[in-house]
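Data from protein_36.pdb: PDB, C-alpha atoms, pLDDT in the B column
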ATOM      1  CA  MET N 152     -13.627   4.729   7.065  1.00 87.00           C
ATOM      2  CA  VAL N 153     -12.033   6.461  10.015  1.00 95.00           C
ATOM      3  CA  ARG N 154     -10.564   9.961  10.047  1.00 96.00           C
ATOM      4  CA  LEU N 155      -6.787  10.044  10.446  1.00 96.00           C
ATOM      5  CA  SER N 156      -4.845  13.310  10.716  1.00 96.00           C
ATOM      6  CA  PHE N 157      -1.231  13.444   9.629  1.00 97.00           C
ATOM      7  CA  ALA N 158       1.137  16.398   9.147  1.00 97.00           C
ATOM      8  CA  GLY N 159      -1.738  18.888   8.959  1.00 96.00           C
ATOM      9  CA  HIS N 160      -3.769  16.855   6.447  1.00 98.00           C
ATOM     10  CA  ASP N 161      -6.934  14.838   7.013  1.00 98.00           C
ATOM     11  CA  PHE N 162      -7.233  11.335   5.588  1.00 98.00           C
ATOM     12  CA  ASP N 163      -9.730   8.514   5.842  1.00 98.00           C
ATOM     13  CA  ALA N 164      -8.176   5.169   6.800  1.00 97.00           C
ATOM     14  CA  LEU N 165      -9.896   2.105   5.369  1.00 96.00           C
ATOM     15  CA  PRO N 166      -9.839  -1.321   7.060  1.00 92.00           C
ATOM     16  CA  GLN N 167      -8.592  -2.809   3.766  1.00 92.00           C
ATOM     17  CA  GLY N 168      -5.369  -0.828   4.216  1.00 94.00           C
ATOM     18  CA  ALA N 169      -6.012   1.988   1.740  1.00 97.00           C
ATOM     19  CA  LEU N 170      -5.898   5.689   2.558  1.00 98.00           C
ATOM     20  CA  PHE N 171      -8.277   8.279   1.086  1.00 98.00           C
ATOM     21  CA  TRP N 172      -7.280  11.948   0.898  1.00 98.00           C
ATOM     22  CA  PRO N 173     -10.603  13.853   0.670  1.00 98.00           C
ATOM     23  CA  ASN N 174      -9.168  17.288  -0.175  1.00 97.00           C
ATOM     24  CA  ARG N 175      -7.508  15.847  -3.285  1.00 98.00           C
ATOM     25  CA  ARG N 176      -9.999  13.032  -3.885  1.00 98.00           C
ATOM     26  CA  ALA N 177      -6.930  10.822  -3.937  1.00 98.00           C
ATOM     27  CA  LEU N 178      -6.666   7.143  -3.046  1.00 98.00           C
ATOM     28  CA  LEU N 179      -3.349   5.754  -1.826  1.00 98.00           C
ATOM     29  CA  VAL N 180      -2.448   2.078  -1.714  1.00 98.00           C
ATOM     30  CA  ALA N 181       0.842   0.276  -1.147  1.00 96.00           C
ATOM     31  CA  ASP N 182       2.346  -3.083  -2.051  1.00 92.00           C
ATOM     32  CA  LEU N 183      -0.239  -4.571  -4.377  1.00 92.00           C
ATOM     33  CA  HIS N 184       2.257  -7.252  -5.436  1.00 82.00           C
ATOM     34  CA  PHE N 185       0.348  -8.254  -8.553  1.00 84.00           C
ATOM     35  CA  GLU N 186       1.396 -11.664  -9.954  1.00 72.00           C
ATOM     36  CA  LYS N 187       3.105 -12.872  -6.800  1.00 62.00           C
ATOM     37  CA  ALA N 188       1.576 -16.336  -7.180  1.00 52.00           C
ATOM     38  CA  SER N 189       2.826 -16.693 -10.752  1.00 54.00           C
ATOM     39  CA  TRP N 190       6.306 -15.651  -9.635  1.00 47.00           C
ATOM     40  CA  PHE N 191       6.345 -18.495  -7.091  1.00 47.00           C
ATOM     41  CA  ALA N 192       4.945 -20.893  -9.701  1.00 45.00           C
ATOM     42  CA  ARG N 193       7.980 -20.329 -11.901  1.00 59.00           C
ATOM     43  CA  SER N 194      10.151 -21.834  -9.165  1.00 64.00           C
ATOM     44  CA  GLY N 195       7.816 -24.791  -8.642  1.00 56.00           C
ATOM     45  CA  GLN N 196       5.911 -23.490  -5.610  1.00 52.00           C
ATOM     46  CA  MET N 197       2.343 -23.656  -6.822  1.00 50.00           C
ATOM     47  CA  LEU N 198      -0.136 -21.205  -5.295  1.00 50.00           C
ATOM     48  CA  PRO N 199      -3.710 -20.467  -6.403  1.00 52.00           C
ATOM     49  CA  PRO N 200      -3.281 -18.041  -9.338  1.00 56.00           C
ATOM     50  CA  TYR N 201      -6.042 -15.674  -8.285  1.00 59.00           C
ATOM     51  CA  ASP N 202      -4.152 -13.047  -6.281  1.00 77.00           C
ATOM     52  CA  SER N 203      -4.086 -10.335  -8.964  1.00 85.00           C
ATOM     53  CA  MET N 204      -7.806 -10.592  -9.696  1.00 87.00           C
ATOM     54  CA  ALA N 205      -8.631 -10.640  -5.978  1.00 89.00           C
ATOM     55  CA  THR N 206      -6.554  -7.514  -5.372  1.00 91.00           C
ATOM     56  CA  LEU N 207      -8.068  -5.769  -8.401  1.00 93.00           C
ATOM     57  CA  SER N 208     -11.581  -6.666  -7.257  1.00 92.00           C
ATOM     58  CA  ASP N 209     -10.960  -5.233  -3.783  1.00 94.00           C
ATOM     59  CA  LEU N 210      -9.492  -2.090  -5.316  1.00 96.00           C
ATOM     60  CA  ALA N 211     -12.383  -1.686  -7.769  1.00 95.00           C
ATOM     61  CA  VAL N 212     -14.922  -1.833  -4.927  1.00 96.00           C
ATOM     62  CA  ILE N 213     -13.168   1.020  -3.129  1.00 97.00           C
ATOM     63  CA  VAL N 214     -12.820   3.073  -6.304  1.00 97.00           C
ATOM     64  CA  ALA N 215     -16.531   2.646  -7.042  1.00 97.00           C
ATOM     65  CA  ALA N 216     -17.455   3.726  -3.511  1.00 97.00           C
ATOM     66  CA  LEU N 217     -15.119   6.732  -3.211  1.00 97.00           C
ATOM     67  CA  ASP N 218     -14.836   7.883  -6.850  1.00 97.00           C
ATOM     68  CA  PRO N 219     -11.250   9.159  -6.557  1.00 98.00           C
ATOM     69  CA  VAL N 220      -9.738  11.308  -9.292  1.00 98.00           C
ATOM     70  CA  GLU N 221      -6.158  10.361  -8.322  1.00 98.00           C
ATOM     71  CA  ILE N 222      -4.691   6.991  -7.389  1.00 98.00           C
ATOM     72  CA  TRP N 223      -1.164   6.686  -6.006  1.00 98.00           C
ATOM     73  CA  CYS N 224       0.458   3.248  -5.719  1.00 96.00           C
ATOM     74  CA  LEU N 225       3.357   3.444  -3.267  1.00 96.00           C
ATOM     75  CA  GLY N 226       5.661   0.869  -4.805  1.00 89.00           C
ATOM     76  CA  ASP N 227       5.920  -2.905  -5.248  1.00 88.00           C
ATOM     77  CA  SER N 228       2.741  -2.855  -7.267  1.00 88.00           C
ATOM     78  CA  PHE N 229       4.058  -5.922  -9.097  1.00 83.00           C
ATOM     79  CA  HIS N 230       5.981  -8.667  -7.356  1.00 55.00           C
ATOM     80  CA  ASP N 231       8.811  -8.492  -9.901  1.00 63.00           C
ATOM     81  CA  SER N 232       9.805  -6.488 -12.949  1.00 62.00           C
ATOM     82  CA  ALA N 233       8.158  -8.965 -15.352  1.00 62.00           C
ATOM     83  CA  GLY N 234       4.882  -9.119 -13.432  1.00 62.00           C
ATOM     84  CA  CYS N 235       3.047  -6.787 -15.776  1.00 66.00           C
ATOM     85  CA  ASP N 236       3.858  -9.102 -18.701  1.00 71.00           C
ATOM     86  CA  ARG N 237       2.387 -12.085 -16.846  1.00 76.00           C
ATOM     87  CA  LEU N 238      -0.855 -10.335 -15.966  1.00 77.00           C
ATOM     88  CA  GLY N 239      -3.753 -12.209 -17.569  1.00 78.00           C
ATOM     89  CA  ASP N 240      -5.942 -10.606 -20.210  1.00 83.00           C
ATOM     90  CA  GLU N 241      -8.939 -10.099 -17.918  1.00 87.00           C
ATOM     91  CA  ALA N 242      -6.835  -8.631 -15.116  1.00 86.00           C
ATOM     92  CA  GLN N 243      -4.976  -6.388 -17.538  1.00 88.00           C
ATOM     93  CA  THR N 244      -8.261  -5.134 -19.002  1.00 90.00           C
ATOM     94  CA  ARG N 245      -9.613  -4.329 -15.534  1.00 91.00           C
ATOM     95  CA  LEU N 246      -6.399  -2.600 -14.525  1.00 91.00           C
ATOM     96  CA  ARG N 247      -6.229  -0.526 -17.702  1.00 91.00           C
ATOM     97  CA  ALA N 248      -9.827   0.567 -17.113  1.00 93.00           C
ATOM     98  CA  LEU N 249      -8.834   1.856 -13.683  1.00 94.00           C
ATOM     99  CA  THR N 250      -5.695   3.635 -14.879  1.00 94.00           C
ATOM    100  CA  ALA N 251      -7.607   5.244 -17.749  1.00 94.00           C
ATOM    101  CA  ALA N 252     -10.387   6.541 -15.490  1.00 95.00           C
ATOM    102  CA  THR N 253      -8.097   8.293 -12.969  1.00 96.00           C
ATOM    103  CA  ARG N 254      -4.822  10.177 -12.697  1.00 96.00           C
ATOM    104  CA  TRP N 255      -2.929   7.034 -11.807  1.00 95.00           C
ATOM    105  CA  THR N 256       0.691   7.143 -10.624  1.00 95.00           C
ATOM    106  CA  TRP N 257       2.957   4.181  -9.965  1.00 93.00           C
ATOM    107  CA  ILE N 258       5.779   4.891  -7.504  1.00 93.00           C
ATOM    108  CA  THR N 259       8.626   2.456  -8.024  1.00 90.00           C
ATOM    109  CA  GLY N 260       9.558  -0.039  -5.328  1.00 82.00           C
ATOM    110  CA  ASN N 261      12.341  -2.516  -4.708  1.00 70.00           C
ATOM    111  CA  HIS N 262      10.424  -5.338  -6.442  1.00 55.00           C
ATOM    112  CA  ASP N 263       9.144  -3.530  -9.518  1.00 61.00           C
ATOM    113  CA  PHE N 264      11.703  -0.762 -10.094  1.00 57.00           C
ATOM    114  CA  ARG N 265      12.739  -2.134 -13.501  1.00 52.00           C
ATOM    115  CA  ALA N 266       9.179  -2.290 -14.811  1.00 53.00           C
ATOM    116  CA  ARG N 267       8.887   1.355 -15.951  1.00 54.00           C
ATOM    117  CA  ALA N 268       8.352   0.773 -19.674  1.00 51.00           C
ATOM    118  CA  GLY N 269       6.104  -2.235 -19.168  1.00 52.00           C
ATOM    119  CA  LEU N 270       3.851  -0.447 -16.705  1.00 58.00           C
ATOM    120  CA  ILE N 271       3.245   2.455 -19.061  1.00 56.00           C
ATOM    121  CA  ASP N 272       2.896   0.388 -22.225  1.00 61.00           C
ATOM    122  CA  ARG N 273       0.762  -2.410 -20.827  1.00 64.00           C
ATOM    123  CA  CYS N 274      -1.087  -0.962 -17.877  1.00 80.00           C
ATOM    124  CA  GLY N 275      -1.269   2.819 -18.291  1.00 85.00           C
ATOM    125  CA  GLY N 276      -0.566   5.490 -15.719  1.00 90.00           C
ATOM    126  CA  ALA N 277       2.584   7.460 -14.995  1.00 91.00           C
ATOM    127  CA  VAL N 278       5.705   6.090 -13.290  1.00 90.00           C
ATOM    128  CA  VAL N 279       7.875   8.085 -10.855  1.00 92.00           C
ATOM    129  CA  ASP N 280      10.455   7.250  -8.214  1.00 92.00           C
ATOM    130  CA  GLU N 281       8.782   9.487  -5.633  1.00 95.00           C
ATOM    131  CA  ALA N 282       6.575  12.568  -5.515  1.00 97.00           C
ATOM    132  CA  LEU N 283       6.086  15.666  -3.388  1.00 98.00           C
ATOM    133  CA  VAL N 284       2.342  16.375  -3.118  1.00 98.00           C
ATOM    134  CA  ASP N 285       1.002  19.275  -1.064  1.00 97.00           C
ATOM    135  CA  GLY N 286       4.060  19.127   1.187  1.00 97.00           C
ATOM    136  CA  LEU N 287       3.966  15.340   1.660  1.00 98.00           C
ATOM    137  CA  LEU N 288       6.578  13.010   0.222  1.00 98.00           C
ATOM    138  CA  LEU N 289       5.153   9.887  -1.390  1.00 98.00           C
ATOM    139  CA  ARG N 290       7.735   7.118  -1.711  1.00 97.00           C
ATOM    140  CA  HIS N 291       8.055   3.373  -1.342  1.00 95.00           C
ATOM    141  CA  GLU N 292      10.282   2.998   1.721  1.00 96.00           C
ATOM    142  CA  ALA N 293      10.523   5.378   4.675  1.00 97.00           C
ATOM    143  CA  ASP N 294      13.863   7.133   5.000  1.00 96.00           C
ATOM    144  CA  PRO N 295      14.938   7.460   8.668  1.00 96.00           C
ATOM    145  CA  ALA N 296      16.987  10.558   7.772  1.00 96.00           C
ATOM    146  CA  GLU N 297      14.092  12.334   6.047  1.00 97.00           C
ATOM    147  CA  THR N 298      12.694  15.222   8.101  1.00 96.00           C
ATOM    148  CA  ARG N 299       9.836  16.124   5.759  1.00 97.00           C
ATOM    149  CA  PRO N 300       6.532  14.285   6.326  1.00 98.00           C
ATOM    150  CA  GLU N 301       6.304  11.191   4.150  1.00 98.00           C
ATOM    151  CA  LEU N 302       3.848   8.472   3.204  1.00 98.00           C
ATOM    152  CA  SER N 303       5.273   5.074   2.288  1.00 98.00           C
ATOM    153  CA  GLY N 304       4.725   1.325   2.215  1.00 97.00           C
ATOM    154  CA  HIS N 305       7.309  -1.485   1.877  1.00 95.00           C
ATOM    155  CA  PHE N 306       7.081  -3.064   5.333  1.00 96.00           C
ATOM    156  CA  HIS N 307       3.566  -4.598   5.148  1.00 94.00           C
ATOM    157  CA  PRO N 308       2.951  -3.762   8.846  1.00 96.00           C
ATOM    158  CA  LYS N 309       0.608  -5.931  10.882  1.00 94.00           C
ATOM    159  CA  LEU N 310      -0.375  -5.645  14.521  1.00 92.00           C
ATOM    160  CA  ARG N 311      -0.232  -8.894  16.449  1.00 82.00           C
ATOM    161  CA  VAL N 312      -1.858  -9.088  19.875  1.00 79.00           C
ATOM    162  CA  ARG N 313      -3.151 -11.819  22.157  1.00 70.00           C
ATOM    163  CA  LEU N 314      -6.882 -11.720  22.783  1.00 69.00           C
ATOM    164  CA  ARG N 315      -8.545 -14.201  25.118  1.00 73.00           C
ATOM    165  CA  GLY N 316      -5.568 -16.511  24.793  1.00 72.00           C
ATOM    166  CA  ARG N 317      -5.514 -16.355  20.997  1.00 79.00           C
ATOM    167  CA  SER N 318      -3.074 -14.563  18.717  1.00 76.00           C
ATOM    168  CA  VAL N 319      -4.860 -12.037  16.503  1.00 78.00           C
ATOM    169  CA  SER N 320      -3.239 -10.328  13.509  1.00 80.00           C
ATOM    170  CA  ARG N 321      -4.587  -7.269  11.667  1.00 88.00           C
ATOM    171  CA  ARG N 322      -3.015  -5.123   9.003  1.00 91.00           C
ATOM    172  CA  CYS N 323      -2.275  -1.692  10.393  1.00 96.00           C
ATOM    173  CA  PHE N 324      -0.887   1.724   9.615  1.00 98.00           C
ATOM    174  CA  VAL N 325       2.223   2.862  11.477  1.00 98.00           C
ATOM    175  CA  ALA N 326       2.503   6.565  12.225  1.00 97.00           C
ATOM    176  CA  SER N 327       4.835   9.031  13.896  1.00 97.00           C
ATOM    177  CA  ALA N 328       4.870  12.823  13.668  1.00 96.00           C
ATOM    178  CA  THR N 329       6.564  12.775  10.244  1.00 97.00           C
ATOM    179  CA  LYS N 330       6.041   9.246   8.900  1.00 98.00           C
ATOM    180  CA  LEU N 331       2.974   7.277   7.912  1.00 98.00           C
ATOM    181  CA  VAL N 332       3.470   3.721   6.663  1.00 98.00           C
ATOM    182  CA  LEU N 333       0.594   2.020   4.866  1.00 98.00           C
ATOM    183  CA  PRO N 334      -0.064  -1.709   5.163  1.00 97.00           C
ATOM    184  CA  ALA N 335       0.123  -3.941   2.112  1.00 94.00           C
ATOM    185  CA  PHE N 336      -3.082  -3.879   0.084  1.00 95.00           C
ATOM    186  CA  GLY N 337      -2.353  -7.002  -1.980  1.00 85.00           C
ATOM    187  CA  SER N 338      -4.268 -10.191  -1.271  1.00 69.00           C
ATOM    188  CA  LEU N 339      -1.141 -12.363  -1.069  1.00 62.00           C
ATOM    189  CA  THR N 340       1.345 -10.227   0.804  1.00 73.00           C
ATOM    190  CA  GLY N 341       1.748 -11.382   4.400  1.00 75.00           C
ATOM    191  CA  GLY N 342       3.039  -8.868   6.913  1.00 85.00           C
ATOM    192  CA  LEU N 343       5.793  -7.783   9.272  1.00 91.00           C
ATOM    193  CA  ASP N 344       5.109  -7.202  12.948  1.00 93.00           C
ATOM    194  CA  ALA N 345       4.550  -3.475  13.457  1.00 95.00           C
ATOM    195  CA  ALA N 346       7.092  -3.459  16.301  1.00 93.00           C
ATOM    196  CA  HIS N 347       9.789  -5.169  14.223  1.00 94.00           C
ATOM    197  CA  PRO N 348      13.185  -3.453  14.643  1.00 95.00           C
ATOM    198  CA  GLU N 349      13.328  -2.536  10.935  1.00 95.00           C
ATOM    199  CA  ILE N 350      10.035  -0.663  11.166  1.00 96.00           C
ATOM    200  CA  VAL N 351      11.025   1.015  14.420  1.00 95.00           C
ATOM    201  CA  ARG N 352      14.360   2.044  12.862  1.00 95.00           C
ATOM    202  CA  ALA N 353      12.527   3.615   9.924  1.00 96.00           C
ATOM    203  CA  VAL N 354       9.802   5.488  11.816  1.00 96.00           C
ATOM    204  CA  GLY N 355      11.127   5.962  15.358  1.00 93.00           C
ATOM    205  CA  ARG N 356      10.243   4.452  18.712  1.00 90.00           C
ATOM    206  CA  GLU N 357       7.513   7.017  19.371  1.00 93.00           C
ATOM    207  CA  ALA N 358       5.422   5.659  16.483  1.00 96.00           C
ATOM    208  CA  GLU N 359       2.052   3.971  16.942  1.00 96.00           C
ATOM    209  CA  ALA N 360       0.243   1.170  15.172  1.00 96.00           C
ATOM    210  CA  LEU N 361      -3.163   2.383  13.963  1.00 97.00           C
ATOM    211  CA  VAL N 362      -6.018  -0.036  13.261  1.00 95.00           C
ATOM    212  CA  PRO N 363      -9.257   1.341  11.743  1.00 94.00           C
ATOM    213  CA  VAL N 364     -12.309  -0.589  12.949  1.00 89.00           C
ATOM    214  CA  GLU N 365     -15.868   0.510  12.241  1.00 83.00           C
ATOM    215  CA  ASN N 366     -15.974   4.151  13.414  1.00 85.00           C
ATOM    216  CA  ARG N 367     -12.865   4.088  15.595  1.00 92.00           C
ATOM    217  CA  LEU N 368      -9.121   4.252  15.118  1.00 94.00           C
ATOM    218  CA  LEU N 369      -7.390   1.999  17.627  1.00 93.00           C
ATOM    219  CA  ARG N 370      -3.911   3.124  18.668  1.00 94.00           C
ATOM    220  CA  PHE N 371      -1.149   0.895  20.020  1.00 93.00           C
ATOM    221  CA  ALA N 372       2.275   2.141  21.094  1.00 92.00           C
ATOM    222  CA  LEU N 373       4.975   0.156  19.323  1.00 86.00           C
ATOM    223  CA  ALA N 374       6.962  -0.044  22.551  1.00 71.00           C
ATOM    224  CA  ALA N 375       4.057  -1.999  24.078  1.00 56.00           C
TER
END

Structure rendered as structure tokens:
Amino acid sequence: MVRLSFAGHDFDALPQGALFWPNRRALLVADLHFEKASWFARSGQMLPPYDSMATLSDLAVIVAALDPVEIWCLGDSFHDSAGCDRLGDEAQTRLRALTAATRWTWITGNHDFRARAGLIDRCGGAVVDEALVDGLLLRHEADPAETRPELSGHFHPKLRVRLRGRSVSRRCFVASATKLVLPAFGSLTGGLDAAHPEIVRAVGREAEALVPVENRLLRFALAA
């Protein structure tokens, strides 16, 4: 974990793309996209059906290590509104154990916004469109017109650089003075270049890509 300060609050950035808020003992993750593989399978594009369990396993390791009392999922937790219904019995049992052990809140996203009833009934937790927590807005997609500091997901940012003649891609956070975008946590999510015009439009040209590695936080200007 690497310390990351944003809008007067201290966080710990994890290489897996999660964010830990020590003062609240809160864990924040974005874009889990549970059951993405099964969604593709319905249209005939067969992918290994292990993405939900892989994502849950990664999340469980972090929860065991940090022991958070709150977990905030910043939208697109399921790949579509029926994703919770397709979740296998083992995955659903593991997820319900996590939601029962913490104050778990699902923030709705553009993929899963119709899943309100299913999330509560099948998977536990509370469902909200957005939340204001200790002066920080938690929502799925950054609003360019919002002046209050906000934490969001949606864009799945990745930093792509050339290193010794090879292209290297790492998930990254994107931060400006008032916006902090988390990378996708899901195991089957892909990513959008951190300097993509849509990300720059949402967060501003002064934003940086932040990559936590070991005990350092690497910073890259988006303009570069």

When distances are computed from only C-alpha atoms, which of N:His184, N:His305, N:Arg254, N:His160 shows the smallest separation from N:Pro219?
N:Arg254

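Compared by their closest atoms to N:Ile213, and using only C-alpha atoms, the residues N:Phe171, N:Phe371, N:Phe157, N:Trp257 rank with N:Phe171 nearest.
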
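Within the 7 Å cut-off around N:Ala353, using only C-alpha atoms and omitting residues fewer than 4 positions from it on the same chain, the listed residues are Ala293, Asp294, Pro295 and Glu349 of chain N.
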
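If you measure from each of N:Asp285, N:Asp227, N:Asp218, N:Asp163 to N:Thr340 using all atoms listed in the file, the closest one turns out to be N:Asp227.
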
Residue neighbourhood N:Gly276, 10 Å, all atoms listed in the file, exclusion window fewer than 4 positions, as a PyMOL selection string
chain N and resi 222-223+247+249-257+270-272

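What the PyMOL selection byres ((chain N and resi 310) around 10) picks from this file is Pro308, Lys309, Arg311, Val312, Val319, Ser320, Arg321, Arg322, Cys323, Phe324, Val325, Gly342, Leu343, Asp344, Ala345, Ala346, Ala360, Leu361, Val362, Phe371 and Leu373 of chain N.
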
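Atom pair atom CA of N:Ala248 / atom CA of N:Arg176: separated by 18.2 Å.
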
Generate all heavy atoms for stretch 296-305 of chain N and emit them as a PDB file, in the frame of the given file.
ATOM      1  N   ALA N 296      16.326   9.249   7.740  1.00 96.00           N
ATOM      2  CA  ALA N 296      16.987  10.558   7.772  1.00 96.00           C
ATOM      3  C   ALA N 296      16.110  11.674   7.219  1.00 96.00           C
ATOM      4  O   ALA N 296      16.469  12.845   7.328  1.00 96.00           O
ATOM      5  CB  ALA N 296      18.296  10.493   6.979  1.00 96.00           C
ATOM      6  N   GLU N 297      14.958  11.321   6.646  1.00 97.00           N
ATOM      7  CA  GLU N 297      14.092  12.334   6.047  1.00 97.00           C
ATOM      8  C   GLU N 297      13.324  13.082   7.124  1.00 97.00           C
ATOM      9  O   GLU N 297      12.668  12.471   7.979  1.00 97.00           O
ATOM     10  CB  GLU N 297      13.107  11.656   5.082  1.00 97.00           C
ATOM     11  CG  GLU N 297      12.142  12.603   4.400  1.00 97.00           C
ATOM     12  CD  GLU N 297      12.865  13.623   3.551  1.00 97.00           C
ATOM     13  OE1 GLU N 297      13.481  13.219   2.538  1.00 97.00           O
ATOM     14  OE2 GLU N 297      12.816  14.828   3.929  1.00 97.00           O
ATOM     15  N   THR N 298      13.390  14.415   7.099  1.00 96.00           N
ATOM     16  CA  THR N 298      12.694  15.222   8.101  1.00 96.00           C
ATOM     17  C   THR N 298      11.337  15.723   7.596  1.00 96.00           C
ATOM     18  O   THR N 298      10.505  16.124   8.406  1.00 96.00           O
ATOM     19  CB  THR N 298      13.549  16.421   8.525  1.00 96.00           C
ATOM     20  OG1 THR N 298      13.869  17.210   7.364  1.00 96.00           O
ATOM     21  CG2 THR N 298      14.847  15.950   9.180  1.00 96.00           C
ATOM     22  N   ARG N 299      11.135  15.709   6.290  1.00 97.00           N
ATOM     23  CA  ARG N 299       9.836  16.124   5.759  1.00 97.00           C
ATOM     24  C   ARG N 299       8.812  15.002   5.972  1.00 97.00           C
ATOM     25  O   ARG N 299       9.177  13.824   5.991  1.00 97.00           O
ATOM     26  CB  ARG N 299       9.963  16.443   4.268  1.00 97.00           C
ATOM     27  CG  ARG N 299      10.820  17.650   3.962  1.00 97.00           C
ATOM     28  CD  ARG N 299      11.068  17.780   2.459  1.00 97.00           C
ATOM     29  NE  ARG N 299      11.899  16.680   1.963  1.00 97.00           N
ATOM     30  CZ  ARG N 299      12.270  16.544   0.690  1.00 97.00           C
ATOM     31  NH1 ARG N 299      11.854  17.434  -0.199  1.00 97.00           N
ATOM     32  NH2 ARG N 299      13.016  15.525   0.327  1.00 97.00           N
ATOM     33  N   PRO N 300       7.539  15.339   6.135  1.00 98.00           N
ATOM     34  CA  PRO N 300       6.532  14.285   6.326  1.00 98.00           C
ATOM     35  C   PRO N 300       6.415  13.418   5.087  1.00 98.00           C
ATOM     36  O   PRO N 300       6.419  13.929   3.954  1.00 98.00           O
ATOM     37  CB  PRO N 300       5.241  15.059   6.606  1.00 98.00           C
ATOM     38  CG  PRO N 300       5.482  16.436   6.077  1.00 98.00           C
ATOM     39  CD  PRO N 300       6.938  16.698   6.204  1.00 98.00           C
ATOM     40  N   GLU N 301       6.329  12.106   5.288  1.00 98.00           N
ATOM     41  CA  GLU N 301       6.304  11.191   4.150  1.00 98.00           C
ATOM     42  C   GLU N 301       5.287  10.074   4.359  1.00 98.00           C
ATOM     43  O   GLU N 301       5.025   9.642   5.484  1.00 98.00           O
ATOM     44  CB  GLU N 301       7.696  10.595   3.893  1.00 98.00           C
ATOM     45  CG  GLU N 301       8.211   9.736   5.008  1.00 98.00           C
ATOM     46  CD  GLU N 301       9.588   9.127   4.729  1.00 98.00           C
ATOM     47  OE1 GLU N 301      10.266   9.546   3.782  1.00 98.00           O
ATOM     48  OE2 GLU N 301       9.965   8.227   5.490  1.00 98.00           O
ATOM     49  N   LEU N 302       4.739   9.629   3.256  1.00 98.00           N
ATOM     50  CA  LEU N 302       3.848   8.472   3.204  1.00 98.00           C
ATOM     51  C   LEU N 302       4.572   7.379   2.424  1.00 98.00           C
ATOM     52  O   LEU N 302       5.157   7.638   1.373  1.00 98.00           O
ATOM     53  CB  LEU N 302       2.540   8.821   2.490  1.00 98.00           C
ATOM     54  CG  LEU N 302       1.676   9.915   3.134  1.00 98.00           C
ATOM     55  CD1 LEU N 302       0.582  10.356   2.167  1.00 98.00           C
ATOM     56  CD2 LEU N 302       1.061   9.412   4.409  1.00 98.00           C
ATOM     57  N   SER N 303       4.517   6.148   2.925  1.00 98.00           N
ATOM     58  CA  SER N 303       5.273   5.074   2.288  1.00 98.00           C
ATOM     59  C   SER N 303       4.599   3.733   2.549  1.00 98.00           C
ATOM     60  O   SER N 303       3.572   3.643   3.221  1.00 98.00           O
ATOM     61  CB  SER N 303       6.714   5.054   2.824  1.00 98.00           C
ATOM     62  OG  SER N 303       6.729   4.807   4.224  1.00 98.00           O
ATOM     63  N   GLY N 304       5.204   2.688   2.012  1.00 97.00           N
ATOM     64  CA  GLY N 304       4.725   1.325   2.215  1.00 97.00           C
ATOM     65  C   GLY N 304       5.899   0.432   2.608  1.00 97.00           C
ATOM     66  O   GLY N 304       6.543   0.649   3.602  1.00 97.00           O
ATOM     67  N   HIS N 305       6.133  -0.613   1.818  1.00 95.00           N
ATOM     68  CA  HIS N 305       7.309  -1.485   1.877  1.00 95.00           C
ATOM     69  C   HIS N 305       7.286  -2.533   2.983  1.00 95.00           C
ATOM     70  O   HIS N 305       7.592  -3.701   2.738  1.00 95.00           O
ATOM     71  CB  HIS N 305       8.594  -0.648   2.003  1.00 95.00           C
ATOM     72  CG  HIS N 305       9.840  -1.471   2.065  1.00 95.00           C
ATOM     73  ND1 HIS N 305      10.247  -2.277   1.019  1.00 95.00           N
ATOM     74  CD2 HIS N 305      10.775  -1.637   3.042  1.00 95.00           C
ATOM     75  CE1 HIS N 305      11.378  -2.890   1.350  1.00 95.00           C
ATOM     76  NE2 HIS N 305      11.711  -2.533   2.557  1.00 95.00           N
TER      77      HIS N 305
END
